[in-house]
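Peer 1: Handing you this structure, nothing more for now.
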Amino acid sequence: MRSGLIFWFLLLPLSLLLVNCGSPKKDNIKEDPLPDGTMLGLIDDTGVLLVIQHCNSCHSTRLIAQNRMTKVGWKSTIRWMQATQNLWNLGEDEALILTYLSKNYAPSSIGRRQSLVVEEWYTLEKDK
Amino acid sequence: MYICCVSERVMKRRIFLRQTGLGLSGLLGLEVVFASNMPKDYVLLMDLQDPFKELNKHKQMVILNDRPLNMEAQAHLLNDEVTPADKMFVRNNGITPGEIDPKDWKLLIDGESAINARSFTLEELKTTFDSYTYQLVLECGGNGRSEFNPPAKGNQWTIGAVSCPRWTGVRLRDVLERIGMKEDAVYLAYHSRDQHLSGDPKKEAISRGIPISKAMMDETLLAYQMNKKDLPLIHGQPLRLVVGGWPASASGKWLERLSIRNIVHDGAKMGGQAYRVPCETVAPGTVVPDEGMCIIESMPVKSLLTYPKSGALLENQKKLEIRGHAWAGELAVSAVYYSIDFGANWHICQLSTPVNRLAWQHFKAEIQFPKKGYYEVWVRARDQNGVDQPMILPGWNPKGYLNNACHRIAVKVV
């Protein structure tokens, strides 16, 4: 068993020479599942696999799905990640990624204060 | 560049290793660039079967992001006067490190302005210095970000990135006085054991700090306990900073090293736009250059209605007791008011005094509703300088910090 283990520890760096980052894998959060019909929680649209391939190796797709930006905003976020967070040059994929993000995760004007949303009304017991 | 080629065989081997219970999260983390540099005990959330159970978190906590882990409470979960560990928010910037044996751990204190740089074991800290216990508010600087319009980048916190547990540790000032500080000391910086998301060992996930004046306050702790128990891993085991009333990013977790700096600390997330707001207020949507951004220090006055949960139906009753907490960063809260008519009229709540400086205070009131219908209960706190919470999002800023707009719940009298 131990020698097998050592073998795999040796193999790991070798495999990393070939792969800068691996395939994204569905995470295992049972209690908080990602929405059906999405790709790792992202809207299934042209470019989504590129987004997953480039982004999901460092951070969760949940971080993308909760943000809303214009094309300029997404581009500046990519530039910030390239300048400070070790994100690589996206090459030809960048335009496709920016189109995907700015189409599917664009800001909508929510105003200064939205109406309260109540998920479920419930009867409040008289004696707490 | 990212082209991937984890073979089916490697995948199967990984699963096999996992099933044999060897706990090799590092091996499983092939997705992470520089994974070969990752210590084998690093915990990736995606490897947890049930994060709520394994992290001892309440089932109703809300996961905003699983890599890095960011989790917030809901208002009604925060009703306790002392926040239990399972209801405290989690804001990680990097990869959660594995638990370590405190016997294998030391805290190094150095820096340009340290006179006698040295290390302490946890036992040395506990036996050399007196211990103190304070209830201290930690609130994420970005709590409330989800209300920003135009939206601000980052985790979209609603109202639940705040808590006030009871912390036990030694005073940072006692430790700094033992080390001795040169006259040019201006900042205390922390360095932590968590790893950068990219796995790059040359990068720190976060390394922030506080001015020496804040470091020297009695309530600024190097804490090893939370609510009388050793720090949970996710909250910084074995030792963390607790800097009450300031953005919680100042309260570094998993400490390895503190540096007494002769400059304002320049570590990760100190510069650029991180934990900074425009030095001069700007119109919503303005692009502000880095040099126009100033570091956030004390958090603003704020309050939270924790009882009842929003959505309460009052049947055959028109009375309602409300409860919650109020806090004001570096200051105390002098009053809390409630309104049931969208801010037209305000009524004063009963307000407790804080158990110690920088602890939150508790308010309550009994509301008599005039007739059936839909109501919103709004609360508004006032700090000791007479400054109130705003009704709506205050000063828009590019990164979405410091939203202290009043909290509201919905109630129907039926």
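To be explicit about the labels: the chains of the structure tokens are called A, B, and onward in the order shown, and within each one the residues are counted from 1, while ligands get numbers from 1 in the order they are shown.
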Show which residues sit within 9 Å of B:Gly252, as a ChimeraX atom specification. Count only C-alpha atoms, and ignore same-chain residues fewer than 4 positions away.
Peer 2: /B:190-192,206-209,236,239-243,248
Peer 1: With only C-alpha atoms as the counted atoms, please give the residues lying no more than 12 Å from stretch 71-73 of chain A, apart from itself and same-chain residues fewer than 5 positions off, as a PyMOL selection string.
Peer 2: (chain A and resi 78-80+94-107) or (chain B and resi 150-153+285-287+398-399)
Peer 1: With a distance cut-off of 10 Å and only C-alpha atoms, select the neighbouring residues of B:Lys302, excluding the residue or stretch itself and same-chain residues fewer than 6 positions from it, and output the selection as a list in words.
Peer 2: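 Surrounding residues, per the criterion: His325, Ala326, Trp327, Ala328, Gly329, Val333, Val336, Trp360, Val379, Arg380, Ala381, Arg382, Asp383, Asp388, Gln389, Pro390, Leu402, Asn403, Asn404, Ala405, Cys406 and His407 of chain B.
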Peer 1: Please produce a file of the residues just selected, as a tab-separated table (two decimals), in the first residue's frame, where the atoms kept are C-alpha atoms.
Peer 2:
chain	number	residue	atom	x	y	z
B	325	HIS	CA	-29.14	43.80	18.06
B	326	ALA	CA	-27.44	47.08	17.25
B	327	TRP	CA	-23.75	47.95	16.96
B	328	ALA	CA	-21.69	50.91	15.80
B	329	GLY	CA	-18.13	49.89	14.93
B	333	VAL	CA	-25.24	52.71	20.20
B	336	VAL	CA	-32.77	52.28	18.48
B	360	TRP	CA	-23.45	44.56	20.21
B	379	VAL	CA	-35.41	49.59	12.68
B	380	ARG	CA	-32.86	52.35	12.85
B	381	ALA	CA	-29.98	52.71	15.30
B	382	ARG	CA	-28.19	55.88	16.38
B	383	ASP	CA	-24.55	55.91	17.47
B	388	ASP	CA	-28.29	57.47	12.42
B	389	GLN	CA	-28.52	54.59	9.99
B	390	PRO	CA	-29.80	55.66	6.57
B	402	LEU	CA	-20.46	49.63	4.29
B	403	ASN	CA	-24.13	49.24	3.44
B	404	ASN	CA	-25.75	50.05	6.77
B	405	ALA	CA	-29.24	50.80	5.44
B	406	CYS	CA	-31.93	49.96	8.00
B	407	HIS	CA	-33.15	46.39	8.20
Peer 1: Of the residues A:Met39, A:Thr46, A:Arg62, A:Leu90, which is the one nearest to A:Lys75, using only C-alpha atoms?
Peer 2: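 Smallest distance to A:Lys75 is found for A:Leu90.
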Peer 1: Would you list the contacts of B:Phe369 as a list in words, taking every protein, DNA or RNA residue within 9 Å and counting only C-alpha atoms, but skipping same-chain residues closer than 2 positions in sequence?
Peer 2: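 Residues meeting the cut-off are Gln317, Lys318, Lys319, Leu320, Ile340, Ile367, Lys371, Lys372, Tyr375 and Val413 of chain B.
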Peer 1: Mind checking which residues fall within 10 Å of A:Asn86, counting only C-alpha atoms, ignoring those fewer than 2 positions away in the same chain, and posting them as a list in words?
Peer 2: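 With the cut-off at 10 Å, the set is Cys58, Trp80, Met81, Gln82, Ala83, Thr84, Trp88 and Asn89 of chain A; Val33, His196, Leu197, Ser198, Gly199, Asp200 and Lys203 of chain B.
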Peer 1: Output the selection as an mmCIF file, in the first residue's frame - C-alpha atoms for each residue.
Peer 2:
data_model
loop_
_atom_site.group_PDB
_atom_site.id
_atom_site.type_symbol
_atom_site.label_atom_id
_atom_site.label_comp_id
_atom_site.auth_asym_id
_atom_site.auth_seq_id
_atom_site.Cartn_x
_atom_site.Cartn_y
_atom_site.Cartn_z
ATOM 1 C CA CYS A 58 -9.285 28.704 -9.122
ATOM 2 C CA TRP A 80 -7.550 42.330 -12.320
ATOM 3 C CA MET A 81 -7.330 38.540 -12.010
ATOM 4 C CA GLN A 82 -4.551 38.498 -14.616
ATOM 5 C CA ALA A 83 -2.638 41.250 -12.832
ATOM 6 C CA THR A 84 -2.988 39.910 -9.300
ATOM 7 C CA TRP A 88 -3.496 33.427 -17.670
ATOM 8 C CA ASN A 89 -3.987 35.092 -21.052
ATOM 9 C CA VAL B 33 -3.106 25.081 -10.303
ATOM 10 C CA HIS B 196 -3.964 31.425 -2.338
ATOM 11 C CA LEU B 197 -6.777 30.110 -4.559
ATOM 12 C CA SER B 198 -4.377 29.541 -7.427
ATOM 13 C CA GLY B 199 -2.258 27.351 -5.162
ATOM 14 C CA ASP B 200 0.742 29.588 -5.892
ATOM 15 C CA LYS B 203 1.042 34.421 -3.047
#
Peer 1: Nearest residue to A:His54 out of A:Met69, A:Leu87, A:Ile110, A:Leu124, using only C-alpha atoms?
Peer 2: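 Looking at the shortest contact to A:His54, the residue is A:Leu87.
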Peer 1: Considering only alpha helix (DSSP H) as DSSP defines it on the backbone, what residues of stretch 67-278 of chain B qualify? List them as a PyMOL selection string.
Peer 2: chain B and resi 122-128+172-179+212-215
Peer 1: Which value, in Å to one decimal, gives the distance between atom CA of B:Val90 and atom CA of B:Ala161?
Peer 2: 7.7 Å
Peer 1: Between B:Ala344, B:Leu125, B:Ala335, B:Ile296, which has the minimum distance to B:Arg178 (counting only C-alpha atoms)?
Peer 2: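 Under the stated criterion, the closest residue is B:Leu125.
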Peer 1: Of the residues B:Pro354, B:Gly386, B:Gly111, B:Gly324, which is the one nearest to B:Val301, using only C-alpha atoms?
Peer 2: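 The shortest atom-to-atom distance to B:Val301 comes from B:Gly386.
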Peer 1: Considering only C-alpha atoms, return as a list in words whatever protein or nucleic-acid residues lie within 6 Å of B:Ile109, sequence-local ones (same chain, fewer than 2 positions apart) excluded.
Peer 2: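 Near neighbours after the sequence-gap exclusion: Ala117, Arg118, Ser119, Arg257, Leu258 and Ser259 of chain B.
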Peer 1: What gap, in Å, lies between atom CA of B:Glu139 and atom CA of B:Lys253?
Peer 2: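 So the two atoms, atom CA of B:Glu139 and atom CA of B:Lys253, lie 14.3 Å apart.
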